[in-house]
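Chemist: The following file, data-v1.json, comprises JSON, C-alpha atoms:
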```json
[["chain", "number", "residue", "atom", "x", "y", "z"],
["A", 1, "GLY", "CA", -12.55, 22.67, 40.94],
["A", 2, "GLN", "CA", -8.88, 21.85, 40.85],
["A", 3, "ASN", "CA", -8.55, 22.05, 37.06],
["A", 4, "ARG", "CA", -7.13, 18.53, 36.88],
["A", 5, "SER", "CA", -7.32, 16.59, 33.64],
["A", 6, "LEU", "CA", -9.96, 13.89, 33.50],
["A", 7, "PRO", "CA", -9.30, 10.20, 33.99],
["A", 8, "LEU", "CA", -9.91, 8.40, 30.73],
["A", 9, "SER", "CA", -9.70, 4.85, 29.43],
["A", 10, "TRP", "CA", -10.53, 3.22, 26.11],
["A", 11, "VAL", "CA", -10.50, -0.15, 24.41],
["A", 12, "SER", "CA", -8.97, -0.80, 21.01],
["A", 13, "GLU", "CA", -7.64, -3.93, 19.35],
["A", 14, "ASP", "CA", -7.12, -2.51, 15.86],
["A", 15, "PRO", "CA", -3.61, -3.57, 14.74],
["A", 16, "GLN", "CA", -3.39, -0.58, 12.37],
["A", 17, "ILE", "CA", -3.27, 1.88, 15.26],
["A", 18, "GLN", "CA", 0.17, 3.41, 15.81],
["A", 19, "SER", "CA", -0.89, 6.26, 18.12],
["A", 20, "PHE", "CA", -3.86, 7.92, 19.78],
["A", 21, "VAL", "CA", -5.07, 11.51, 20.04],
["A", 22, "VAL", "CA", -7.28, 12.82, 22.87],
["A", 23, "LEU", "CA", -9.35, 15.95, 22.25],
["A", 24, "LEU", "CA", -11.69, 17.77, 24.66],
["A", 25, "THR", "CA", -13.83, 20.53, 23.15],
["A", 26, "ASP", "CA", -16.76, 22.73, 24.17],
["A", 27, "GLU", "CA", -19.44, 22.23, 21.53],
["A", 28, "HIS", "CA", -21.73, 25.10, 22.65],
["A", 29, "GLU", "CA", -22.59, 27.51, 19.83],
["A", 30, "ILE", "CA", -20.80, 30.45, 21.48],
["A", 31, "ALA", "CA", -17.73, 28.34, 22.28],
["A", 32, "GLN", "CA", -17.16, 27.37, 18.64],
["A", 33, "ASP", "CA", -15.35, 24.08, 19.38],
["A", 34, "PHE", "CA", -13.17, 25.66, 22.09],
["A", 35, "VAL", "CA", -10.23, 23.30, 22.66],
["A", 36, "HIS", "CA", -9.76, 22.48, 26.35],
["A", 37, "TRP", "CA", -7.25, 19.67, 25.93],
["A", 38, "LEU", "CA", -5.35, 18.15, 23.02],
["A", 39, "VAL", "CA", -2.89, 15.30, 23.50],
["A", 40, "VAL", "CA", -1.17, 13.78, 20.46],
["A", 41, "ASP", "CA", 1.34, 11.00, 19.84],
["A", 42, "ILE", "CA", -0.02, 8.79, 22.63],
["A", 43, "PRO", "CA", 1.72, 5.43, 22.08],
["A", 44, "SER", "CA", -0.39, 2.62, 20.63],
["A", 45, "ASP", "CA", 0.02, 0.40, 23.71],
["A", 46, "VAL", "CA", -1.56, 3.01, 26.02],
["A", 47, "ARG", "CA", -5.25, 2.58, 26.90],
["A", 48, "SER", "CA", -5.74, 5.15, 29.67],
["A", 49, "LEU", "CA", -4.77, 8.51, 31.11],
["A", 50, "VAL", "CA", -4.93, 8.96, 34.87],
["A", 51, "GLU", "CA", -6.66, 11.90, 36.52],
["A", 52, "GLY", "CA", -4.31, 14.85, 36.67],
["A", 53, "ALA", "CA", -1.90, 13.46, 34.06],
["A", 54, "SER", "CA", -1.74, 16.74, 32.17],
["A", 55, "GLY", "CA", 1.57, 18.50, 32.63],
["A", 56, "THR", "CA", 3.06, 15.69, 34.74],
["A", 57, "VAL", "CA", 5.22, 12.61, 34.33],
["A", 58, "ALA", "CA", 1.98, 10.61, 34.48],
["A", 59, "LEU", "CA", 1.37, 11.53, 30.83],
["A", 60, "PRO", "CA", 2.61, 8.59, 28.72],
["A", 61, "ALA", "CA", 6.17, 8.92, 27.44],
["A", 62, "GLY", "CA", 6.24, 10.32, 23.92],
["A", 63, "SER", "CA", 2.86, 12.05, 24.25],
["A", 64, "ARG", "CA", 2.63, 15.77, 23.55],
["A", 65, "GLU", "CA", 0.10, 18.28, 24.86],
["A", 66, "LEU", "CA", -0.61, 21.04, 22.39],
["A", 67, "THR", "CA", -1.76, 24.53, 23.30],
["A", 68, "ASN", "CA", -5.43, 24.81, 24.27],
["A", 69, "ASP", "CA", -7.68, 27.77, 23.52],
["A", 70, "TYR", "CA", -6.80, 29.32, 26.89],
["A", 71, "GLY", "CA", -3.32, 29.74, 25.36],
["A", 72, "LEU", "CA", -1.72, 27.15, 27.65],
["A", 73, "ALA", "CA", -0.12, 23.81, 26.85],
["A", 74, "GLY", "CA", -2.12, 21.07, 28.55],
["A", 75, "TYR", "CA", -5.53, 20.76, 30.13],
["A", 76, "GLY", "CA", -7.86, 23.69, 30.74],
["A", 77, "GLY", "CA", -11.04, 22.70, 32.50],
["A", 78, "PRO", "CA", -14.59, 23.75, 31.67],
["A", 79, "TRP", "CA", -15.41, 27.34, 32.61],
["A", 80, "PRO", "CA", -18.26, 28.59, 30.42],
["A", 81, "PRO", "CA", -19.34, 32.22, 30.53],
["A", 82, "ALA", "CA", -21.92, 32.76, 33.29],
["A", 83, "GLY", "CA", -25.45, 32.88, 31.95],
["A", 84, "SER", "CA", -24.56, 31.23, 28.64],
["A", 85, "GLY", "CA", -26.56, 28.10, 29.44],
["A", 86, "ARG", "CA", -25.59, 24.48, 29.46],
["A", 87, "HIS", "CA", -22.39, 23.66, 27.58],
["A", 88, "GLU", "CA", -21.72, 20.32, 25.89],
["A", 89, "TYR", "CA", -18.18, 19.02, 26.33],
["A", 90, "ARG", "CA", -17.05, 16.27, 23.97],
["A", 91, "LEU", "CA", -14.08, 14.06, 24.80],
["A", 92, "THR", "CA", -12.88, 12.12, 21.76],
["A", 93, "VAL", "CA", -10.15, 9.52, 21.31],
["A", 94, "TYR", "CA", -8.83, 8.98, 17.79],
["A", 95, "GLY", "CA", -6.81, 5.92, 16.80],
["A", 96, "LEU", "CA", -4.35, 6.77, 14.04],
["A", 97, "ASN", "CA", -2.32, 4.69, 11.60],
["A", 98, "THR", "CA", 0.66, 7.01, 12.13],
["A", 99, "ALA", "CA", 2.90, 7.36, 15.17],
["A", 100, "THR", "CA", 3.34, 11.13, 14.94],
["A", 101, "VAL", "CA", 0.99, 14.07, 14.37],
["A", 102, "VAL", "CA", 2.81, 16.87, 12.57],
["A", 103, "LEU", "CA", 1.30, 19.77, 14.50],
["A", 104, "THR", "CA", 2.64, 22.08, 17.19],
["A", 105, "GLY", "CA", 1.40, 25.05, 19.20],
["A", 106, "GLN", "CA", -2.23, 26.09, 19.27],
["A", 107, "VAL", "CA", -4.39, 23.98, 16.98],
["A", 108, "SER", "CA", -8.12, 24.29, 16.36],
["A", 109, "ARG", "CA", -10.38, 21.26, 16.18],
["A", 110, "ALA", "CA", -10.83, 21.90, 12.44],
["A", 111, "ASP", "CA", -7.06, 22.08, 11.84],
["A", 112, "LEU", "CA", -6.50, 18.90, 13.83],
["A", 113, "LEU", "CA", -9.14, 16.99, 11.90],
["A", 114, "GLU", "CA", -7.82, 18.26, 8.58],
["A", 115, "ASN", "CA", -4.34, 17.06, 9.55],
["A", 116, "ILE", "CA", -5.34, 13.60, 10.82],
["A", 117, "ALA", "CA", -8.39, 12.79, 8.65],
["A", 118, "SER", "CA", -6.56, 10.38, 6.36],
["A", 119, "HIS", "CA", -4.96, 8.61, 9.35],
["A", 120, "ILE", "CA", -8.06, 7.94, 11.50],
["A", 121, "VAL", "CA", -8.81, 4.22, 11.76],
["A", 122, "ALA", "CA", -10.88, 4.29, 14.97],
["A", 123, "THR", "CA", -12.72, 6.86, 17.06],
["A", 124, "GLY", "CA", -14.82, 7.01, 20.19],
["A", 125, "SER", "CA", -16.30, 9.83, 22.23],
["A", 126, "THR", "CA", -18.31, 10.69, 25.28],
["A", 127, "THR", "CA", -20.17, 13.86, 26.17],
["A", 128, "GLY", "CA", -20.67, 15.71, 29.45],
["A", 129, "TYR", "CA", -22.53, 18.89, 30.34],
["A", 130, "PHE", "CA", -21.72, 21.87, 32.57],
["A", 131, "GLU", "CA", -23.39, 25.18, 33.34],
["A", 132, "LEU", "CA", -22.53, 28.14, 35.58]]
```
Kindly transcribe the structure held in the file into structure tokens.
Modeler:
Amino acid sequence: GQNRSLPLSWVSEDPQIQSFVVLLTDEHEIAQDFVHWLVVDIPSDVRSLVEGASGTVALPAGSRELTNDYGLAGYGGPWPPAGSGRHEYRLTVYGLNTATVVLTGQVSRADLLENIASHIVATGSTTGYFEL
């Protein structure tokens, strides 16, 4: 593939939400919640990300892409080890009651959730599967 970030849209009317977080992880047991994409500080009036937004001006102003587990800031598409079976990829949107996430650099799923747990007021996710 072209390793372009996924198009994504969500619905939320919760007035408490001040920002959104988008997280894409590989949930397979050998992947150990491998972070493929983490976008924080998405403004509360945004309800979608266009395909290929990662690393471009199409990413909403004020949003920040943190470092994924490939060691790169931005989106890193699915590429499971050959022969490891079907991998489950979970894309989650968190609505937060804070405008800013105080994290930088490479952040694990566990560290993210520990940091934002008390600020989550809404969440939604979808799952896809991929195998080489």
Chemist: Which polymer residues have any atom within 12 Å of an atom of Leu113 of chain A, counting all atoms listed in the file, with same-chain residues fewer than 5 positions away left out, as an MDAnalysis selection string?
Modeler: chainID A and resid 21:23 38 92 94 96 101:103 107:108 118:120 123
Chemist: Taking into account only C-alpha atoms, which residue in the set A:Gln16, A:Ser63, A:Gln2, A:Thr25 is nearest to Leu49 of chain A?
Modeler: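 Among A:Gln16, A:Ser63, A:Gln2, A:Thr25, it is A:Ser63 that comes nearest to Leu49 of chain A.
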Chemist: Hey, can you check how far atom CA of Ser125 of chain A sits from atom CA of Gly83 of chain A?
Modeler: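 Atom CA of Gly83 of chain A lies 26.6 Å from atom CA of Ser125 of chain A.
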Chemist: Return the single residue from A:Asp33, A:Glu27, A:Glu51, A:Asp41 that is closest to Val93 of chain A, with distances computed using all atoms listed in the file.
Modeler: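 Looking only at the distances to Val93 of chain A, the closest residue turns out to be A:Asp41.
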Chemist: Please measure the separation of atom CA of Ile42 of chain A and atom CA of Arg4 of chain A, giving the value in Å to one decimal.
Modeler: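 Atom CA of Arg4 of chain A lies 18.7 Å from atom CA of Ile42 of chain A.
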Chemist: In Å, rounded to a single decimal, give me how far atom CA of His87 of chain A is from atom CA of Ser12 of chain A.
Modeler: 28.7 Å
Chemist: Could you give me, as a ChimeraX atom specification, the residues within 12 Å of Pro7 of chain A, counting all atoms listed in the file and dropping anything in the same chain fewer than 3 positions from it?
Modeler: /A:4,10,22,47-54,58-59,75,91
Chemist: Looking at all atoms listed in the file, which of A:Tyr129, A:Val46, A:Gly74, A:Asp26 is the one that sits closest to Leu8 of chain A?
Modeler: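 Of A:Tyr129, A:Val46, A:Gly74, A:Asp26, the one nearest Leu8 of chain A is A:Val46, counting all atoms listed in the file.
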Chemist: My list of candidates is A:Gly71, A:Pro15, A:Gly62, A:Pro78. Which is closest to Gly128 of chain A when distances are computed with all atoms listed in the file?
Modeler: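 Using all atoms listed in the file, the shortest distance to Gly128 of chain A belongs to A:Pro78.
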Chemist: Return the single residue from A:Val40, A:Ala73, A:Ile17, A:Leu132 that is closest to Asn115 of chain A, with distances computed using only C-alpha atoms.
Modeler: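 Distance minimum relative to Asn115 of chain A lands on A:Val40.
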Chemist: Name the closest residue to Gly85 of chain A among the candidates A:Leu6, A:Leu24, A:Val35, A:Ile30; distances are taken between atoms, counting all atoms listed in the file.
Modeler: A:Ile30
Chemist: Which residues, written as a list in words, have at least one atom at most 12 Å from Ser84 of chain A, with only C-alpha atoms counted and residues fewer than 3 positions away on the same chain left out?
Modeler: His28, Glu29, Ile30, Ala31, Trp79, Pro80, Pro81, His87, Glu88, Phe130, Glu131 and Leu132 of chain A
Chemist: Find the spatial neighbours of Gly76 of chain A, counting all atoms listed in the file, within a cut-off of 8 Å - ignore same-chain residues fewer than 6 positions away - and output them as a list in words.
Modeler: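 Counting all atoms listed in the file, the residues come to Asn3, Ser5, His36, Trp37, Asn68 and Tyr70 of chain A.
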